[in-house]
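S.K.: I have a structure here, written as structure tokens, and I will follow up with some questions on it.
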Amino acid sequence: MNSGCYLLSFEVLFRKSFDFILLGLFPQNQTGILLLLLILLIFILASVGNSGMTALIFLDPRLHTPMYFLLSQLSLMDLMYISSTVPKMVYNFLSGQKSISFLGCGVQMFFFLTMAGSEGLILASMAYDRFVAICHPLHYPIHMSKSMCLKMILVPWTLGSINSIAHTFYILHLPYCRSRAINHFFCDVPAMVPLACGDTWVYEYMVFVSTGLFLIVPFLCITVSYGRVIFTVFHMRSKEGRRKAFTTCSTHLTVVTFYCAPFAYTYFRPKNLRSPAEDKNLAVFYTILTPMLNPIIYSLRNKEVIGAMRRVWGMFPPRKK
């Protein structure tokens with residue numbers, strides 16, 4: 001009997017020794033509860049907005065174009081992005097438990113890193129689509145064929161997953177002989193690296209290179225694409241065509257800025273210049289606020305999406321003259 005109890009106690013202690021502690025985002029007081037309710041509201045809005053956008057594109061045949069297929073992937077990524085962090089954060093706050101299992105931390109990190117890497121590439125694909133549509137409209141059916149569109153969807157998901165598997169496998173195999181308390185609200189690489197014992201400068205350099213490949217390279221592609229688009233738009237004779245092109249480009253550039261700026265600031269800073277509180281605040285922006293803003297930006301400034309809402313769900317009925 002005693003030996004069985006000892007074995008059970010050892011098993012519990014063994015499991016707990018491999019758990020991580022998420023210190024969270026908010027203090028356990030009334031202010032923290034109010035902020036958590038705000039985050040929960042944002043999560044609901046983001047979930048409804050992104051799932052609604054994905055369903056709308058699937059249901060309305062008029063939106064079955066490469067641009068909107070790519071947009072549906074962005075919405076799906078944002079939905080998975082915010083779902084990988086917020087539910088666990090809310091559960092830990094309400095239950096008073098701050099622990100996350102070794103496996104749970106790995107799963108959370110995998111999905112977060114996959115979405116983070118894939119989203120930059122899908123934004124670059126969307127920029128290329130707009131570049132071809134505006135600068136080479138006659139060649140659009142050739143350059144943006146169904147097979148090409150499928151490749152532009154599969155490649156971001158595949159590369160993002162491979163990159164995520166590599167980082168998740170490595171970070172979980174680091175020796176953690178110090179505290180296992182992660183000063184963050186999810187298992188993020190910059191917050192976990194300082195907890196490892198031993199020299200991690202090689203891995204930190206690889207994180208820098210990986211971030212450059214999945215963030216800076218797509219951003220440069222987006223910049224070049226829209227540079228060409230703006231040049232072409234200025235030479236358009238049609239005012240309506242110029243207005244539509246500027247609306248589409250400004251919408252996309254707004255989304256790109258919201259995504260890239262805080263992400264780059266967090267991951268490119270040297271370790272000695274990082275502040276855990278600042279990292280958490282920036283993470284709220286690109287993991288929680290951006291997934292909520294994207295469907296709003298793409299729907300409110302897009303007549304085709306509003307028209308699809310009218311046809312499919314009867315929303316935004318036209319005003320009677």
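Residues are named by chain letter and number: chains run A, B, ... in the order of the structure tokens, numbers start at 1 in each chain, and ligands are numbered from 1 in the order shown.
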Running DSSP on the backbone, which parts of stretch 109-304 of chain A land in helix (DSSP H, G or I), as a PyMOL selection string?
M.R.: chain A and resi 109-135+137-143+146-172+189-195+201-234+239-268+271-273+276-300+303-304
S.K.: Write out as a VMD selection string each polymer residue whose atoms come within 8 Å of stretch 42-45 of chain A, counting only C-alpha atoms; drop sequence neighbours fewer than 6 positions from it.
M.R.: chain A and resid 82 86 288 to 289 292
S.K.: Which one of A:Ser275, A:Ser47, A:Gln28, A:Ser84 sits closest to A:Cys187 if you count only C-alpha atoms?
M.R.: A:Ser84
S.K.: Extract, using only C-alpha atoms, all DNA, RNA and protein residues at most 8 Å from A:Val312, discarding same-chain residues fewer than 2 positions from it, and format them as JSON, numbers by chain.
M.R.: {"A": [56, 59, 60, 308, 309, 310, 314]}
S.K.: So that I have them on file, write out the residues from the current selection with all heavy atoms, as an mmCIF file, in the first residue's frame.
M.R.:
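Contents of part.cif, as written:
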data_model
loop_
_atom_site.group_PDB
_atom_site.id
_atom_site.type_symbol
_atom_site.label_atom_id
_atom_site.label_comp_id
_atom_site.auth_asym_id
_atom_site.auth_seq_id
_atom_site.Cartn_x
_atom_site.Cartn_y
_atom_site.Cartn_z
ATOM 1 N N LEU A 56 -18.039 33.199 -45.393
ATOM 2 C CA LEU A 56 -18.597 34.057 -46.441
ATOM 3 C C LEU A 56 -17.911 33.815 -47.779
ATOM 4 O O LEU A 56 -18.566 33.696 -48.819
ATOM 5 C CB LEU A 56 -18.448 35.521 -46.035
ATOM 6 C CG LEU A 56 -19.089 36.567 -46.954
ATOM 7 C CD1 LEU A 56 -20.603 36.457 -46.905
ATOM 8 C CD2 LEU A 56 -18.645 37.968 -46.561
ATOM 9 N N LEU A 59 -19.079 30.507 -49.147
ATOM 10 C CA LEU A 59 -20.476 30.418 -49.547
ATOM 11 C C LEU A 59 -20.827 31.268 -50.762
ATOM 12 O O LEU A 59 -21.747 30.918 -51.516
ATOM 13 C CB LEU A 59 -21.379 30.828 -48.367
ATOM 14 C CG LEU A 59 -21.382 29.885 -47.157
ATOM 15 C CD1 LEU A 59 -22.150 30.503 -45.998
ATOM 16 C CD2 LEU A 59 -21.985 28.532 -47.534
ATOM 17 N N ASP A 60 -20.146 32.384 -50.967
ATOM 18 C CA ASP A 60 -20.502 33.287 -52.060
ATOM 19 C C ASP A 60 -19.648 33.003 -53.296
ATOM 20 O O ASP A 60 -18.435 33.224 -53.273
ATOM 21 C CB ASP A 60 -20.316 34.740 -51.633
ATOM 22 C CG ASP A 60 -20.951 35.724 -52.605
ATOM 23 O OD1 ASP A 60 -21.125 35.365 -53.794
ATOM 24 O OD2 ASP A 60 -21.284 36.840 -52.195
ATOM 25 N N ALA A 308 -21.403 40.725 -50.574
ATOM 26 C CA ALA A 308 -21.546 39.299 -50.268
ATOM 27 C C ALA A 308 -22.321 39.090 -48.971
ATOM 28 O O ALA A 308 -23.119 38.152 -48.853
ATOM 29 C CB ALA A 308 -20.167 38.653 -50.169
ATOM 30 N N MET A 309 -22.122 39.968 -47.996
ATOM 31 C CA MET A 309 -22.878 39.881 -46.739
ATOM 32 C C MET A 309 -24.364 40.089 -46.990
ATOM 33 O O MET A 309 -25.206 39.448 -46.367
ATOM 34 C CB MET A 309 -22.361 40.922 -45.732
ATOM 35 C CG MET A 309 -20.996 40.618 -45.157
ATOM 36 S SD MET A 309 -20.481 41.898 -43.998
ATOM 37 C CE MET A 309 -18.911 41.229 -43.444
ATOM 38 N N ARG A 310 -24.685 40.998 -47.914
ATOM 39 C CA ARG A 310 -26.093 41.224 -48.263
ATOM 40 C C ARG A 310 -26.690 39.978 -48.905
ATOM 41 O O ARG A 310 -27.800 39.552 -48.568
ATOM 42 C CB ARG A 310 -26.222 42.398 -49.243
ATOM 43 C CG ARG A 310 -25.960 43.762 -48.654
ATOM 44 C CD ARG A 310 -26.495 44.843 -49.573
ATOM 45 N NE ARG A 310 -25.994 46.148 -49.153
ATOM 46 C CZ ARG A 310 -25.097 46.860 -49.824
ATOM 47 N NH1 ARG A 310 -24.595 46.368 -50.946
ATOM 48 N NH2 ARG A 310 -24.706 48.034 -49.392
ATOM 49 N N GLY A 314 -28.016 38.687 -45.669
ATOM 50 C CA GLY A 314 -29.001 39.761 -45.606
ATOM 51 C C GLY A 314 -28.561 40.938 -44.764
ATOM 52 O O GLY A 314 -29.396 41.731 -44.299
#
S.K.: Given the choices A:Pro194, A:Pro156, A:Gly32, A:Pro87, which gets closest to A:Ala124 if the distance is worked out from only C-alpha atoms?
M.R.: A:Pro156
S.K.: What's around stretch 248-263 of chain A at 6 Å? Count only C-alpha atoms, leave out sequence neighbours fewer than 3 positions away in its own chain, and write the answer as a ChimeraX atom specification.
M.R.: /A:245,266,282,286
S.K.: Go ahead and write the selection's residues with N, CA, C and O atoms as an mmCIF file, in the first residue's frame.
M.R.:
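What ended up in selection_1.cif:
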data_model
loop_
_atom_site.group_PDB
_atom_site.id
_atom_site.type_symbol
_atom_site.label_atom_id
_atom_site.label_comp_id
_atom_site.auth_asym_id
_atom_site.auth_seq_id
_atom_site.Cartn_x
_atom_site.Cartn_y
_atom_site.Cartn_z
ATOM 1 N N ALA A 245 -7.909 50.904 -56.596
ATOM 2 C CA ALA A 245 -6.565 50.363 -56.369
ATOM 3 C C ALA A 245 -5.970 50.898 -55.068
ATOM 4 O O ALA A 245 -5.374 50.155 -54.288
ATOM 5 N N THR A 266 9.900 42.998 -31.331
ATOM 6 C CA THR A 266 10.059 42.004 -30.269
ATOM 7 C C THR A 266 11.197 41.033 -30.560
ATOM 8 O O THR A 266 12.048 40.773 -29.701
ATOM 9 N N LEU A 282 3.470 44.080 -26.331
ATOM 10 C CA LEU A 282 3.566 43.990 -27.785
ATOM 11 C C LEU A 282 2.917 42.712 -28.299
ATOM 12 O O LEU A 282 2.288 42.705 -29.368
ATOM 13 N N TYR A 286 0.045 41.832 -31.556
ATOM 14 C CA TYR A 286 0.080 40.988 -32.756
ATOM 15 C C TYR A 286 -0.561 39.612 -32.573
ATOM 16 O O TYR A 286 -0.783 38.909 -33.553
#
S.K.: Neighbours of A:Phe268 within 10 Å (only C-alpha atoms; same-chain residues fewer than 5 positions away dropped), as an MDAnalysis selection string?
M.R.: chainID A and resid 207:209 211:212 263 274
